[in-house]
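Structure file final-v9.pdb; described as PDB, C-alpha atoms.
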```pdb
ATOM      1  CA  MET A  53     -88.481  -6.546 114.930  1.00  0.00           C
ATOM      2  CA  ASP A  54     -86.671  -8.769 112.468  1.00  0.00           C
ATOM      3  CA  GLN A  55     -88.771  -9.796 109.479  1.00  0.00           C
ATOM      4  CA  PRO A  56     -88.482 -13.188 107.772  1.00  0.00           C
ATOM      5  CA  ARG A  57     -87.262 -13.030 104.187  1.00  0.00           C
ATOM      6  CA  ASN A  58     -87.738 -16.220 102.162  1.00  0.00           C
ATOM      7  CA  GLY A  59     -88.105 -18.150 105.419  1.00  0.00           C
ATOM      8  CA  VAL A  60     -84.904 -16.743 106.911  1.00  0.00           C
ATOM      9  CA  VAL A  61     -84.903 -14.212 109.725  1.00  0.00           C
ATOM     10  CA  GLU A  62     -82.263 -11.557 109.267  1.00  0.00           C
ATOM     11  CA  GLN A  63     -80.950 -10.084 112.483  1.00  0.00           C
ATOM     12  CA  SER A  64     -80.804  -6.328 112.760  1.00  0.00           C
ATOM     13  CA  ILE A  65     -77.276  -5.127 113.329  1.00  0.00           C
ATOM     14  CA  PRO A  66     -76.688  -1.455 114.114  1.00  0.00           C
ATOM     15  CA  LYS A  67     -75.139   0.707 111.412  1.00  0.00           C
ATOM     16  CA  PRO A  68     -71.406   1.270 111.856  1.00  0.00           C
ATOM     17  CA  ARG A  69     -70.176   4.353 113.665  1.00  0.00           C
ATOM     18  CA  ILE A  70     -67.726   6.145 111.389  1.00  0.00           C
ATOM     19  CA  ASP A  71     -66.081   8.923 113.355  1.00  0.00           C
ATOM     20  CA  LYS A  72     -63.787  11.717 112.198  1.00  0.00           C
ATOM     21  CA  ASP A  73     -60.581   9.756 112.894  1.00  0.00           C
ATOM     22  CA  MET A  74     -61.765   6.699 110.968  1.00  0.00           C
ATOM     23  CA  ARG A  75     -62.808   8.853 108.028  1.00  0.00           C
ATOM     24  CA  LEU A  76     -59.395  10.556 108.054  1.00  0.00           C
ATOM     25  CA  ALA A  77     -57.579   7.195 108.218  1.00  0.00           C
ATOM     26  CA  LEU A  78     -59.605   5.946 105.232  1.00  0.00           C
ATOM     27  CA  GLN A  79     -58.942   9.186 103.346  1.00  0.00           C
ATOM     28  CA  GLN A  80     -55.194   8.744 103.887  1.00  0.00           C
ATOM     29  CA  PHE A  81     -55.389   5.101 102.822  1.00  0.00           C
ATOM     30  CA  VAL A  82     -57.378   5.841  99.668  1.00  0.00           C
ATOM     31  CA  THR A  83     -55.068   8.716  98.760  1.00  0.00           C
ATOM     32  CA  ARG A  84     -52.050   6.425  99.118  1.00  0.00           C
ATOM     33  CA  TYR A  85     -53.420   3.259  97.459  1.00  0.00           C
ATOM     34  CA  ALA A  86     -56.159   4.196  94.975  1.00  0.00           C
ATOM     35  CA  LEU A  87     -55.253   3.061  91.472  1.00  0.00           C
ATOM     36  CA  HIS A  88     -55.634   5.031  88.243  1.00  0.00           C
ATOM     37  CA  PRO A  89     -57.256   7.326  87.593  1.00  0.00           C
ATOM     38  CA  LYS A  90     -55.946   8.829  90.820  1.00  0.00           C
ATOM     39  CA  ASN A  91     -58.726  11.418  91.034  1.00  0.00           C
ATOM     40  CA  ALA A  92     -61.635   8.961  90.635  1.00  0.00           C
ATOM     41  CA  SER A  93     -64.166   8.660  93.434  1.00  0.00           C
ATOM     42  CA  GLN A  94     -63.651   5.604  95.629  1.00  0.00           C
ATOM     43  CA  HIS A  95     -66.690   3.754  97.027  1.00  0.00           C
ATOM     44  CA  ILE A  96     -66.296   2.091 100.410  1.00  0.00           C
ATOM     45  CA  HIS A  97     -69.263   0.209 101.879  1.00  0.00           C
ATOM     46  CA  ILE A  98     -68.826  -0.160 105.645  1.00  0.00           C
ATOM     47  CA  ALA A  99     -70.937  -2.560 107.707  1.00  0.00           C
ATOM     48  CA  ASN A 100     -71.077  -4.310 111.022  1.00  0.00           C
ATOM     49  CA  VAL A 101     -71.041  -8.053 110.345  1.00  0.00           C
ATOM     50  CA  LYS A 102     -71.981 -10.831 112.737  1.00  0.00           C
ATOM     51  CA  ILE A 103     -69.062 -13.260 112.744  1.00  0.00           C
ATOM     52  CA  ASP A 104     -68.926 -16.980 113.638  1.00  0.00           C
ATOM     53  CA  SER A 105     -68.283 -16.293 117.334  1.00  0.00           C
ATOM     54  CA  GLY A 106     -71.581 -14.386 117.496  1.00  0.00           C
ATOM     55  CA  GLU A 107     -69.817 -11.069 117.976  1.00  0.00           C
ATOM     56  CA  THR A 108     -70.036  -8.147 115.604  1.00  0.00           C
ATOM     57  CA  ALA A 109     -67.027  -6.864 113.648  1.00  0.00           C
ATOM     58  CA  MET A 110     -66.768  -3.917 111.267  1.00  0.00           C
ATOM     59  CA  TYR A 111     -65.620  -4.577 107.702  1.00  0.00           C
ATOM     60  CA  ALA A 112     -65.606  -2.537 104.514  1.00  0.00           C
ATOM     61  CA  TYR A 113     -65.781  -3.462 100.878  1.00  0.00           C
ATOM     62  CA  TRP A 114     -63.676  -1.082  98.754  1.00  0.00           C
ATOM     63  CA  LYS A 115     -65.275  -1.462  95.333  1.00  0.00           C
ATOM     64  CA  GLU A 116     -62.589   0.030  93.096  1.00  0.00           C
ATOM     65  CA  ASP A 117     -59.756  -1.785  94.882  1.00  0.00           C
ATOM     66  CA  GLN A 118     -61.678  -5.081  94.991  1.00  0.00           C
ATOM     67  CA  SER A 119     -60.707  -5.555  98.619  1.00  0.00           C
ATOM     68  CA  ILE A 120     -62.108  -6.037 102.106  1.00  0.00           C
ATOM     69  CA  LEU A 121     -60.818  -3.788 104.875  1.00  0.00           C
ATOM     70  CA  ILE A 122     -60.747  -4.865 108.532  1.00  0.00           C
ATOM     71  CA  MET A 123     -62.036  -1.628 109.984  1.00  0.00           C
ATOM     72  CA  HIS A 124     -60.960  -1.780 113.621  1.00  0.00           C
ATOM     73  CA  PHE A 125     -57.408  -1.150 112.369  1.00  0.00           C
ATOM     74  CA  PHE A 126     -58.574   2.114 110.776  1.00  0.00           C
ATOM     75  CA  ALA A 127     -59.465   3.795 114.084  1.00  0.00           C
ATOM     76  CA  HIS A 128     -56.793   6.512 113.800  1.00  0.00           C
ATOM     77  CA  PRO A 129     -54.870   8.353 111.079  1.00  0.00           C
ATOM     78  CA  SER A 130     -51.440   6.884 110.305  1.00  0.00           C
ATOM     79  CA  GLU A 131     -47.991   7.872 109.145  1.00  0.00           C
ATOM     80  CA  GLU A 132     -46.667   6.378 105.896  1.00  0.00           C
ATOM     81  CA  GLN A 133     -45.282   3.281 107.679  1.00  0.00           C
ATOM     82  CA  GLY A 134     -48.677   2.717 109.305  1.00  0.00           C
ATOM     83  CA  LEU A 135     -50.407   2.922 105.936  1.00  0.00           C
ATOM     84  CA  LEU A 136     -48.053   0.275 104.574  1.00  0.00           C
ATOM     85  CA  TRP A 137     -48.870  -1.972 107.542  1.00  0.00           C
ATOM     86  CA  LEU A 138     -52.620  -1.444 106.960  1.00  0.00           C
ATOM     87  CA  HIS A 139     -52.237  -2.301 103.283  1.00  0.00           C
ATOM     88  CA  HIS A 140     -50.565  -5.616 104.075  1.00  0.00           C
ATOM     89  CA  LYS A 141     -52.309  -6.643 107.317  1.00  0.00           C
ATOM     90  CA  ALA A 142     -55.767  -5.016 107.392  1.00  0.00           C
ATOM     91  CA  ARG A 143     -56.720  -5.507 103.732  1.00  0.00           C
ATOM     92  CA  ILE A 144     -57.817  -8.650 101.935  1.00  0.00           C
ATOM     93  CA  ASP A 145     -57.220  -8.497  98.192  1.00  0.00           C
ATOM     94  CA  LEU A 146     -60.160 -10.293  96.586  1.00  0.00           C
ATOM     95  CA  LYS A 147     -58.047 -11.132  93.525  1.00  0.00           C
ATOM     96  CA  THR A 148     -55.167 -12.827  95.382  1.00  0.00           C
ATOM     97  CA  GLY A 149     -56.248 -13.518  98.967  1.00  0.00           C
ATOM     98  CA  VAL A 150     -59.260 -15.770  98.374  1.00  0.00           C
ATOM     99  CA  VAL A 151     -59.305 -19.560  98.027  1.00  0.00           C
ATOM    100  CA  ALA A 152     -62.165 -21.982  97.415  1.00  0.00           C
ATOM    101  CA  THR A 153     -61.967 -24.060 100.606  1.00  0.00           C
ATOM    102  CA  GLU A 154     -60.601 -23.937 104.146  1.00  0.00           C
ATOM    103  CA  GLU A 155     -58.265 -26.806 103.253  1.00  0.00           C
ATOM    104  CA  GLU A 156     -56.582 -24.549 100.677  1.00  0.00           C
ATOM    105  CA  MET A 157     -55.874 -21.981 103.374  1.00  0.00           C
ATOM    106  CA  SER A 158     -53.334 -24.398 104.936  1.00  0.00           C
ATOM    107  CA  GLY A 159     -53.120 -22.443 108.187  1.00  0.00           C
ATOM    108  CA  SER A 160     -52.593 -19.125 106.407  1.00  0.00           C
ATOM    109  CA  ASN A 161     -53.354 -15.923 108.300  1.00  0.00           C
ATOM    110  CA  TYR A 162     -53.981 -13.874 105.180  1.00  0.00           C
ATOM    111  CA  LEU A 163     -56.071 -16.166 102.956  1.00  0.00           C
ATOM    112  CA  VAL A 164     -59.864 -16.373 103.323  1.00  0.00           C
ATOM    113  CA  THR A 165     -62.452 -18.640 101.743  1.00  0.00           C
ATOM    114  CA  LYS A 166     -64.545 -17.493  98.815  1.00  0.00           C
ATOM    115  CA  ALA A 167     -67.727 -18.096 100.854  1.00  0.00           C
ATOM    116  CA  TRP A 168     -66.474 -15.905 103.725  1.00  0.00           C
ATOM    117  CA  ALA A 169     -65.373 -13.111 101.384  1.00  0.00           C
ATOM    118  CA  GLN A 170     -68.662 -13.194  99.456  1.00  0.00           C
ATOM    119  CA  HIS A 171     -70.612 -13.021 102.730  1.00  0.00           C
ATOM    120  CA  ILE A 172     -68.659  -9.946 103.879  1.00  0.00           C
ATOM    121  CA  VAL A 173     -69.045  -8.213 100.499  1.00  0.00           C
ATOM    122  CA  ASN A 174     -72.788  -8.988 100.390  1.00  0.00           C
ATOM    123  CA  VAL A 175     -73.419  -7.646 103.899  1.00  0.00           C
ATOM    124  CA  CYS A 176     -71.387  -4.513 103.163  1.00  0.00           C
ATOM    125  CA  LEU A 177     -73.271  -3.854  99.919  1.00  0.00           C
ATOM    126  CA  LYS A 178     -76.715  -4.653 101.329  1.00  0.00           C
ATOM    127  CA  HIS A 179     -76.509  -3.174 104.830  1.00  0.00           C
ATOM    128  CA  GLY A 180     -73.421  -0.988 104.768  1.00  0.00           C
ATOM    129  CA  GLN A 181     -72.974   2.713 104.945  1.00  0.00           C
ATOM    130  CA  LEU A 182     -71.500   4.098 101.726  1.00  0.00           C
ATOM    131  CA  LEU A 183     -68.542   6.419 102.055  1.00  0.00           C
ATOM    132  CA  VAL A 184     -67.394   8.091  98.823  1.00  0.00           C
ATOM    133  CA  LEU A 185     -63.873   9.486  98.971  1.00  0.00           C
ATOM    134  CA  LYS A 186     -61.732  11.228  96.383  1.00  0.00           C
ATOM    135  CA  PRO A 187     -57.988  10.730  96.675  1.00  0.00           C
ATOM    136  CA  LYS A 188     -56.250  13.959  97.618  1.00  0.00           C
ATOM    137  CA  THR A 189     -53.654  15.139  95.144  1.00  0.00           C
ATOM    138  CA  ASP A 190     -51.416  16.955  97.618  1.00  0.00           C
ATOM    139  CA  ARG A 191     -49.467  13.850  98.674  1.00  0.00           C
ATOM    140  CA  LYS A 192     -46.001  14.292 100.139  1.00  0.00           C
TER     141      LYS A 192
END
```
Can you turn what I pasted into C-alpha cells?
Amino acid sequence: MDQPRNGVVEQSIPKPRIDKDMRLALQQFVTRYALHPKNASQHIHIANVKIDSGETAMYAYWKEDQSILIMHFFAHPSEEQGLLWLHHKARIDLKTGVVATEEEMSGSNYLVTKAWAQHIVNVCLKHGQLLVLKPKTDRK
C-alpha cells in the first residue's frame, strides 16, 4: 500500500524491465557517446515515470552525460546510423534542451521545461534502477 510522505501519497510504480536487448543498446550508446575519460564508468538511472496522461513511460537519467534518455527507443541494438538518430531524437541534453517555461518552448519538439526535466531526474534517482556501464574500447 502507498504510504503518505509529508501529506502526499506516492503511487507505487513497478521497477523498469531492462532486458538483454535494452542493455546492449545502452552499452552501444554509451560506448559511442561517453565523453572523456572514455573508460570511466557511466551511471544510468532507469525508472518508470507516471506522465501527465496517467500512463507510465520509461526514462533514464545518464549522470555523466547530464541527459535524459527516452527508453522505449532503446529496445534493440542499433547500427551506427541508429545510434546517431537516438542521440538526436531520444536524448534530452539538460544543458541545452531545457527552458524555464512552456512559453519558451514555442512549439518545439525537442525542448522541455525545467520543472519537467527535474521531475524526471528526481524520479530516476529516487526510484530508478541503476545500471553502471563501462564504454567498450573495441569500437570500429
Query - Distance of atom CA of A:Arg84 from atom CA of A:Trp168, expressed in Å to one decimal place - result: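 Distance between the two atoms: 27.0 Å.
Note that the spacing between atom CA of A:Pro187 and atom CA of A:His95 amounts to 11.2 Å.
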Query - Chain and number of each residue from the PyMOL selection byres ((chain A and resi 133-137) around 10), as a PyMOL selection string - result: chain A and resi 77-78+80-82+84-85+125-126+129-132+138-143
Requested in this report: Using the chain letters and numbering of this document, enumerate as JSON, numbers by chain the residues selected by the PyMOL selection byres ((chain A and resi 103-119) around 9).
Outcome: {"A": [65, 68, 85, 86, 87, 93, 94, 95, 96, 97, 98, 99, 100, 101, 102, 120, 121, 122, 123, 124, 143, 144, 145, 146, 147, 172, 173, 174, 176, 177, 180]}
**Report entry** Atomic distance atom CA of A:Lys90 - atom CA of A:Leu185, expressed in Å with one decimal
**Finding:**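 So the two atoms, atom CA of A:Lys90 and atom CA of A:Leu185, lie 11.4 Å apart.
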Report task. Would you please work out which residue, of A:Ala127, A:Glu154, A:Lys186, A:Gln181, is nearest to A:Asp73 when using only C-alpha atoms? Result ->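 The answer is A:Ala127, which sits nearest to A:Asp73.
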Edge lengths and centre in Å to one decimal, as lines of an AutoDock Vina configuration file, of the axis-aligned box that encloses all listed atoms of stretch 105-114 of chain A with 8 Å added on every side?
```
center_x = -67.6
center_y = -8.7
center_z = 108.4
size_x = 23.9
size_y = 31.2
size_z = 35.2
```
Query raised in the report: Any idea what's packed within 7 Å of A:Ala152, counting only C-alpha atoms, ignoring anything in its chain fewer than 3 positions away? Could you give it as an MDAnalysis selection string?
Result: chainID A and resid 156 165:166
